[in-house]
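Here the structure is laid out as structure tokens; the discussion comes afterwards.
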Amino acid sequence: MTERTAVAIVGAGPAGLLLSHLLDAEGIASIVIDSRSREEIETTIRAGILEQGTVEILDSTGASDRVRTAGVRHDGIELRFDGEGHRIDFASTVGRGVWLYPQHEVLKDLIAARLAAGQDLRFGVGAVAVEDVETDRPRVIATGPDGERIEIEADVVVGADGSRGATREVVTGSHGGFYREYPFAWFGVLCEAPPSADELIYSSSPDGFALISQRSATVQRMYFQCDPEEDPERFSERELWDILQARVPGTTLREGRIFQRDVLRFRSFVAHELRRGRAVLVGDAAHTVPPTGAKGMNLAVADVVLLADALRALLAERDERPLDAYPERALKRIWKAQHFSWWMTSMLHVAPDATDFDRRRQLGELRSVVESEPGRAYLAEAYTGWPLER
């Protein structure tokens, strides 16, 4: 049996759920499917820096009623190098801020809001193919929890199912995309400890980069630069604290039990195509950025805001022009975010083949940023997020 809806959304991450929320506000029906369980989606801990525009969208549309109450506003970050800290003041520089609110908390809010609104949201349902995208009746072929075949016919199929999803393949074909892999990764730990600083610390040291981040009053997230092939179990807890402390000279870290550790590889990717016929890509299905610039989920939200407007025009007004323009408009921001993420990454990390010249030049670049009002302003503007385009 073939089911029918206006928009079939593959992927119940931030992009897919927010898109269904914005479409519902316009009276446009959707079905959202995801191969993962609800528990897996809500408990997988990911990055937690939200741009001001992201917070405003979540708050003003009712997608999250906790982002401003449970989230913590940060008005700056610290760049640390040569044993000294240099604060980039977002509020005084660009009049904007960011919020510390982990992605899994955003997902809890979105799932609760969508289910309360009667959203057709199906967990444990994985897309295996997307067909007929060159017609006005594209179809998603999926498999349910018990192995049953599910077929969903829609006016538009949206791929919000990440880098290995079925929708990206049908949109990009064999062309793939623009890709870069970095020669280092982040070794991440979650620990039971109070915060070591009021704001995030981005530290560049001769031994490599470290990020001192937060999750709550009692749980902290910290990273240090490592080899992409590093074994997460190689280090003792004492060794991990010694490595982290050595990477942030001048700051005394507050230690506690480390209860999770992982290695996060660095990749940049932009799909060659964001749309083919009636199939469209958003979020991680369309692009991947290194985490240094805190752009991943925020960039997905920017995609969704544009696409929701385009789908409203198509389905409510039969105007295809905004959907035709979606790829070009979205890519402008995507490539700005790629540049900022690459810039922050290359400025703060030590490349494996770095020479003394490279390190001294890197320190010169960091000083050029922190000692220049326009330099601080560029970092603040990009980090807090450019205005969302409608």
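For the structure tokens, the naming scheme is as follows: chains receive sequential letters (A, B, ...) according to their order of presentation, residues are indexed from 1 within each chain, and ligands are indexed from 1 in presentation order.
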Please identify every residue of segment 191-286 of chain A that has at least one atom no farther than 10 Å from an atom of segment 150-161 of chain A, counting only C-alpha atoms, and for each give the shortest atom pair and the distance in Å to one decimal, arranged by chain then increasing number, as a Markdown table.
```
| residue | atom | partner | partner_atom | distance |
| --- | --- | --- | --- | --- |
| A:Leu274 | CA | A:Gly159 | CA | 9.5 |
| A:Arg275 | CA | A:Val158 | CA | 9.2 |
| A:Gly277 | CA | A:Val156 | CA | 8.7 |
| A:Arg278 | CA | A:Val156 | CA | 4.9 |
| A:Ala279 | CA | A:Val157 | CA | 4.8 |
| A:Val280 | CA | A:Val158 | CA | 4.9 |
| A:Leu281 | CA | A:Gly159 | CA | 4.7 |
| A:Val282 | CA | A:Ala160 | CA | 5.4 |
| A:Gly283 | CA | A:Ala160 | CA | 6.0 |
| A:Asp284 | CA | A:Ala160 | CA | 6.9 |
| A:Ala285 | CA | A:Ala160 | CA | 5.7 |
| A:Ala286 | CA | A:Ala160 | CA | 8.3 |
```
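Backbone DSSP over segment 184-258 of chain A gives helix (DSSP H, G or I) for Glu237, Arg238, Glu239, Leu240, Trp241, Asp242, Ile243, Leu244, Gln245, Ala246 and Arg247 of chain A.
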Skip segment 174-185 of chain A itself and residues of its chain fewer than 4 positions away, then list as a compact mmCIF listing (two decimals) with N, CA, C and O atoms, in the first residue's frame all residues within 12 Å of it, counting only C-alpha atoms.
```txt
# COMPACT_ATOMS: atom_id res chain seq x y z
N SER A 163 24.96 12.00 6.04
CA SER A 163 25.90 11.79 4.94
C SER A 163 25.75 10.44 4.26
O SER A 163 26.23 10.27 3.14
N ARG A 164 25.13 9.48 4.92
CA ARG A 164 25.01 8.14 4.31
C ARG A 164 23.56 7.81 3.94
O ARG A 164 23.22 6.65 3.75
N ARG A 168 20.67 11.58 -0.46
CA ARG A 168 21.85 12.21 -1.05
C ARG A 168 22.26 11.48 -2.31
O ARG A 168 22.60 12.10 -3.32
N GLU A 169 22.22 10.17 -2.26
CA GLU A 169 22.67 9.38 -3.42
C GLU A 169 21.83 9.68 -4.65
O GLU A 169 22.36 9.81 -5.76
N VAL A 170 20.51 9.80 -4.48
CA VAL A 170 19.66 10.03 -5.64
C VAL A 170 19.79 11.46 -6.15
O VAL A 170 19.63 11.71 -7.34
N GLY A 208 49.39 21.11 20.48
CA GLY A 208 48.14 20.92 19.75
C GLY A 208 46.99 21.67 20.40
O GLY A 208 47.12 22.29 21.46
N PHE A 209 45.85 21.59 19.77
CA PHE A 209 44.67 22.34 20.17
C PHE A 209 43.92 21.66 21.33
O PHE A 209 43.98 20.45 21.50
N ALA A 210 43.19 22.46 22.11
CA ALA A 210 42.24 21.94 23.09
C ALA A 210 41.05 22.87 23.17
O ALA A 210 41.18 24.09 22.99
N TYR A 223 37.89 18.60 24.70
CA TYR A 223 38.51 17.96 23.54
C TYR A 223 39.99 18.33 23.47
O TYR A 223 40.38 19.44 23.88
N PHE A 224 40.79 17.43 22.92
CA PHE A 224 42.14 17.82 22.54
C PHE A 224 42.48 17.20 21.19
O PHE A 224 41.97 16.13 20.83
N GLN A 225 43.31 17.86 20.44
CA GLN A 225 43.71 17.42 19.11
C GLN A 225 44.46 16.10 19.21
O GLN A 225 45.32 15.91 20.08
N CYS A 226 44.15 15.17 18.30
CA CYS A 226 44.82 13.88 18.32
C CYS A 226 44.92 13.34 16.90
O CYS A 226 44.39 13.93 15.95
N ASP A 227 45.58 12.20 16.75
CA ASP A 227 45.65 11.51 15.47
C ASP A 227 44.28 10.89 15.15
O ASP A 227 43.61 10.37 16.05
N PRO A 228 43.85 10.93 13.88
CA PRO A 228 42.53 10.35 13.54
C PRO A 228 42.42 8.87 13.87
O PRO A 228 41.31 8.36 14.07
N GLU A 229 43.55 8.15 13.95
CA GLU A 229 43.52 6.72 14.24
C GLU A 229 43.73 6.42 15.71
O GLU A 229 43.93 5.26 16.09
N GLU A 230 43.65 7.42 16.55
CA GLU A 230 43.89 7.22 17.98
C GLU A 230 42.88 6.24 18.58
O GLU A 230 41.69 6.26 18.24
N ASP A 231 43.37 5.40 19.48
CA ASP A 231 42.51 4.46 20.20
C ASP A 231 41.95 5.15 21.44
O ASP A 231 42.72 5.57 22.31
N PRO A 232 40.63 5.31 21.55
CA PRO A 232 40.07 6.02 22.69
C PRO A 232 40.39 5.38 24.04
O PRO A 232 40.35 6.06 25.08
N ASP A 262 35.67 9.53 23.14
CA ASP A 262 35.51 9.16 21.74
C ASP A 262 36.48 9.98 20.90
O ASP A 262 37.07 10.96 21.37
N VAL A 263 36.65 9.56 19.65
CA VAL A 263 37.50 10.27 18.69
C VAL A 263 36.62 10.76 17.56
O VAL A 263 35.91 9.98 16.92
N LEU A 264 36.66 12.07 17.30
CA LEU A 264 35.82 12.71 16.30
C LEU A 264 36.69 13.15 15.13
O LEU A 264 37.53 14.04 15.25
N ARG A 265 36.48 12.50 13.99
CA ARG A 265 37.24 12.85 12.78
C ARG A 265 36.76 14.18 12.20
O ARG A 265 35.62 14.58 12.40
N PHE A 266 37.65 14.84 11.45
CA PHE A 266 37.35 16.14 10.85
C PHE A 266 37.19 15.99 9.35
O PHE A 266 38.10 15.52 8.66
N ARG A 267 36.03 16.42 8.86
CA ARG A 267 35.78 16.39 7.42
C ARG A 267 35.01 17.64 7.01
O ARG A 267 34.21 18.16 7.77
N SER A 268 35.27 18.09 5.79
CA SER A 268 34.46 19.12 5.16
C SER A 268 33.86 18.53 3.89
O SER A 268 34.57 17.86 3.13
N PHE A 269 32.57 18.79 3.68
CA PHE A 269 31.90 18.25 2.50
C PHE A 269 30.78 19.20 2.10
O PHE A 269 30.06 19.73 2.95
N VAL A 270 30.62 19.41 0.79
CA VAL A 270 29.47 20.11 0.25
C VAL A 270 29.02 19.33 -0.98
O VAL A 270 29.81 19.09 -1.91
N ALA A 271 27.76 18.93 -1.01
CA ALA A 271 27.25 18.16 -2.14
C ALA A 271 27.28 18.99 -3.42
O ALA A 271 27.05 20.21 -3.39
N HIS A 272 27.59 18.34 -4.53
CA HIS A 272 27.59 19.03 -5.83
C HIS A 272 26.21 19.58 -6.16
O HIS A 272 26.09 20.62 -6.80
N GLU A 273 25.18 18.87 -5.75
CA GLU A 273 23.80 19.29 -6.02
C GLU A 273 23.01 19.23 -4.72
O GLU A 273 23.16 18.29 -3.93
N LEU A 274 22.16 20.22 -4.49
CA LEU A 274 21.27 20.20 -3.34
C LEU A 274 19.85 19.82 -3.73
O LEU A 274 19.00 19.59 -2.87
N ALA A 285 23.01 15.99 5.23
CA ALA A 285 22.90 15.34 3.92
C ALA A 285 23.49 16.22 2.83
O ALA A 285 23.93 15.73 1.80
N ALA A 286 23.52 17.54 3.08
CA ALA A 286 24.02 18.49 2.08
C ALA A 286 25.44 18.93 2.36
O ALA A 286 26.18 19.29 1.43
N HIS A 287 25.86 18.90 3.62
CA HIS A 287 27.18 19.46 3.95
C HIS A 287 27.65 18.97 5.32
O HIS A 287 26.85 18.62 6.18
N THR A 288 28.95 18.95 5.50
CA THR A 288 29.57 18.63 6.77
C THR A 288 30.67 19.65 7.01
O THR A 288 31.40 20.02 6.08
N VAL A 289 30.81 20.12 8.25
CA VAL A 289 31.86 21.08 8.58
C VAL A 289 32.63 20.58 9.80
O VAL A 289 32.08 19.86 10.64
N PRO A 290 33.90 20.96 9.94
CA PRO A 290 34.61 20.66 11.18
C PRO A 290 33.91 21.36 12.34
O PRO A 290 33.32 22.43 12.16
N PRO A 291 33.99 20.79 13.53
CA PRO A 291 33.24 21.36 14.65
C PRO A 291 33.84 22.63 15.25
O PRO A 291 33.21 23.25 16.11
N THR A 292 35.02 23.02 14.81
CA THR A 292 35.72 24.15 15.43
C THR A 292 34.90 25.43 15.38
O THR A 292 34.92 26.23 16.32
N TRP A 335 29.01 27.98 2.01
CA TRP A 335 30.43 28.19 1.73
C TRP A 335 31.05 29.22 2.67
O TRP A 335 32.23 29.12 3.02
N GLN A 338 31.72 27.11 5.62
CA GLN A 338 32.88 26.24 5.36
C GLN A 338 34.17 27.02 5.54
O GLN A 338 35.14 26.53 6.14
N SER A 341 34.76 27.73 9.31
CA SER A 341 35.15 26.51 10.02
C SER A 341 36.58 26.10 9.68
O SER A 341 37.35 25.69 10.55
N TRP A 342 36.93 26.20 8.39
CA TRP A 342 38.31 25.89 7.97
C TRP A 342 39.29 26.88 8.60
O TRP A 342 40.36 26.49 9.08
N THR A 345 39.79 26.22 12.25
CA THR A 345 40.52 24.97 12.41
C THR A 345 42.00 25.14 12.09
O THR A 345 42.88 24.72 12.87
N SER A 346 42.31 25.76 10.96
CA SER A 346 43.72 25.90 10.56
C SER A 346 44.46 26.88 11.46
O SER A 346 45.68 26.73 11.66
N LEU A 348 44.04 27.28 14.71
CA LEU A 348 44.19 26.82 16.09
C LEU A 348 44.87 25.46 16.22
O LEU A 348 45.37 25.15 17.29
N HIS A 349 44.89 24.66 15.16
CA HIS A 349 45.46 23.32 15.26
C HIS A 349 46.89 23.29 14.73
O HIS A 349 47.27 24.10 13.88
N VAL A 350 47.64 22.31 15.20
CA VAL A 350 49.01 22.11 14.74
C VAL A 350 49.01 20.98 13.72
O VAL A 350 48.68 19.83 14.05
N ALA A 351 49.36 21.28 12.48
CA ALA A 351 49.41 20.25 11.45
C ALA A 351 50.56 19.28 11.73
O ALA A 351 51.59 19.68 12.28
N PRO A 352 50.42 18.00 11.35
CA PRO A 352 51.48 17.02 11.64
C PRO A 352 52.83 17.39 11.04
O PRO A 352 53.87 17.05 11.59
N ASP A 353 52.82 18.09 9.90
CA ASP A 353 54.08 18.44 9.24
C ASP A 353 54.46 19.90 9.47
O ASP A 353 55.26 20.48 8.73
N ALA A 354 53.89 20.52 10.52
CA ALA A 354 54.15 21.95 10.76
C ALA A 354 55.61 22.19 11.12
O ALA A 354 56.23 21.44 11.87
```
As a PyMOL selection string, please: every residue in segment 148-295 of chain A that DSSP puts in strand (DSSP E or B). chain A and resi 149-153+156-159+177-192+201-205+208-212+219-226+257-271+275-276+279-281+287-288
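Relative to atom CA of Ala300 of chain A, atom CA of Thr5 of chain A is found at 22.9 Å.
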Which neighbours of Leu363 of chain A fall inside 10 Å, counting only C-alpha atoms, when residues of the same chain fewer than 6 positions from it are skipped, and could you give them as a PyMOL selection string? chain A and resi 81-82+204-205+347-348+357+369
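Closest to Val98 of chain A among A:Gly385, A:Pro374, A:Gly126, A:Pro322 is A:Gly385, based on only C-alpha atoms.
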Choose the residue, out of A:Val140, A:Ala116, A:Leu100, A:Leu107, that has the smallest atom-to-atom separation from Glu39 of chain A; count only C-alpha atoms. A:Leu107
Between atom CA of Arg234 of chain A and atom CA of Thr251 of chain A, measure the distance and give it in Å to one decimal. 25.2 Å
One-decimal distance in Å that lies between atom CA of Ala308 of chain A and atom CA of Tyr326 of chain A: 10.0 Å
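Across A:Gly53, A:Gly173, A:Gly48, A:Gly124, the tightest approach to Gly97 of chain A is made by A:Gly53 when counting only C-alpha atoms.
Minimum distance to Leu121 of chain A across A:Ile9, A:Ile41, A:Ala63, A:Ala316 (counting only C-alpha atoms) occurs at A:Ile9.
Remark: for Asp59 of chain A, the closest of the candidate residues A:Leu244, A:Arg318, A:Leu18, A:Glu131 is A:Leu18 (distances computed over only C-alpha atoms).
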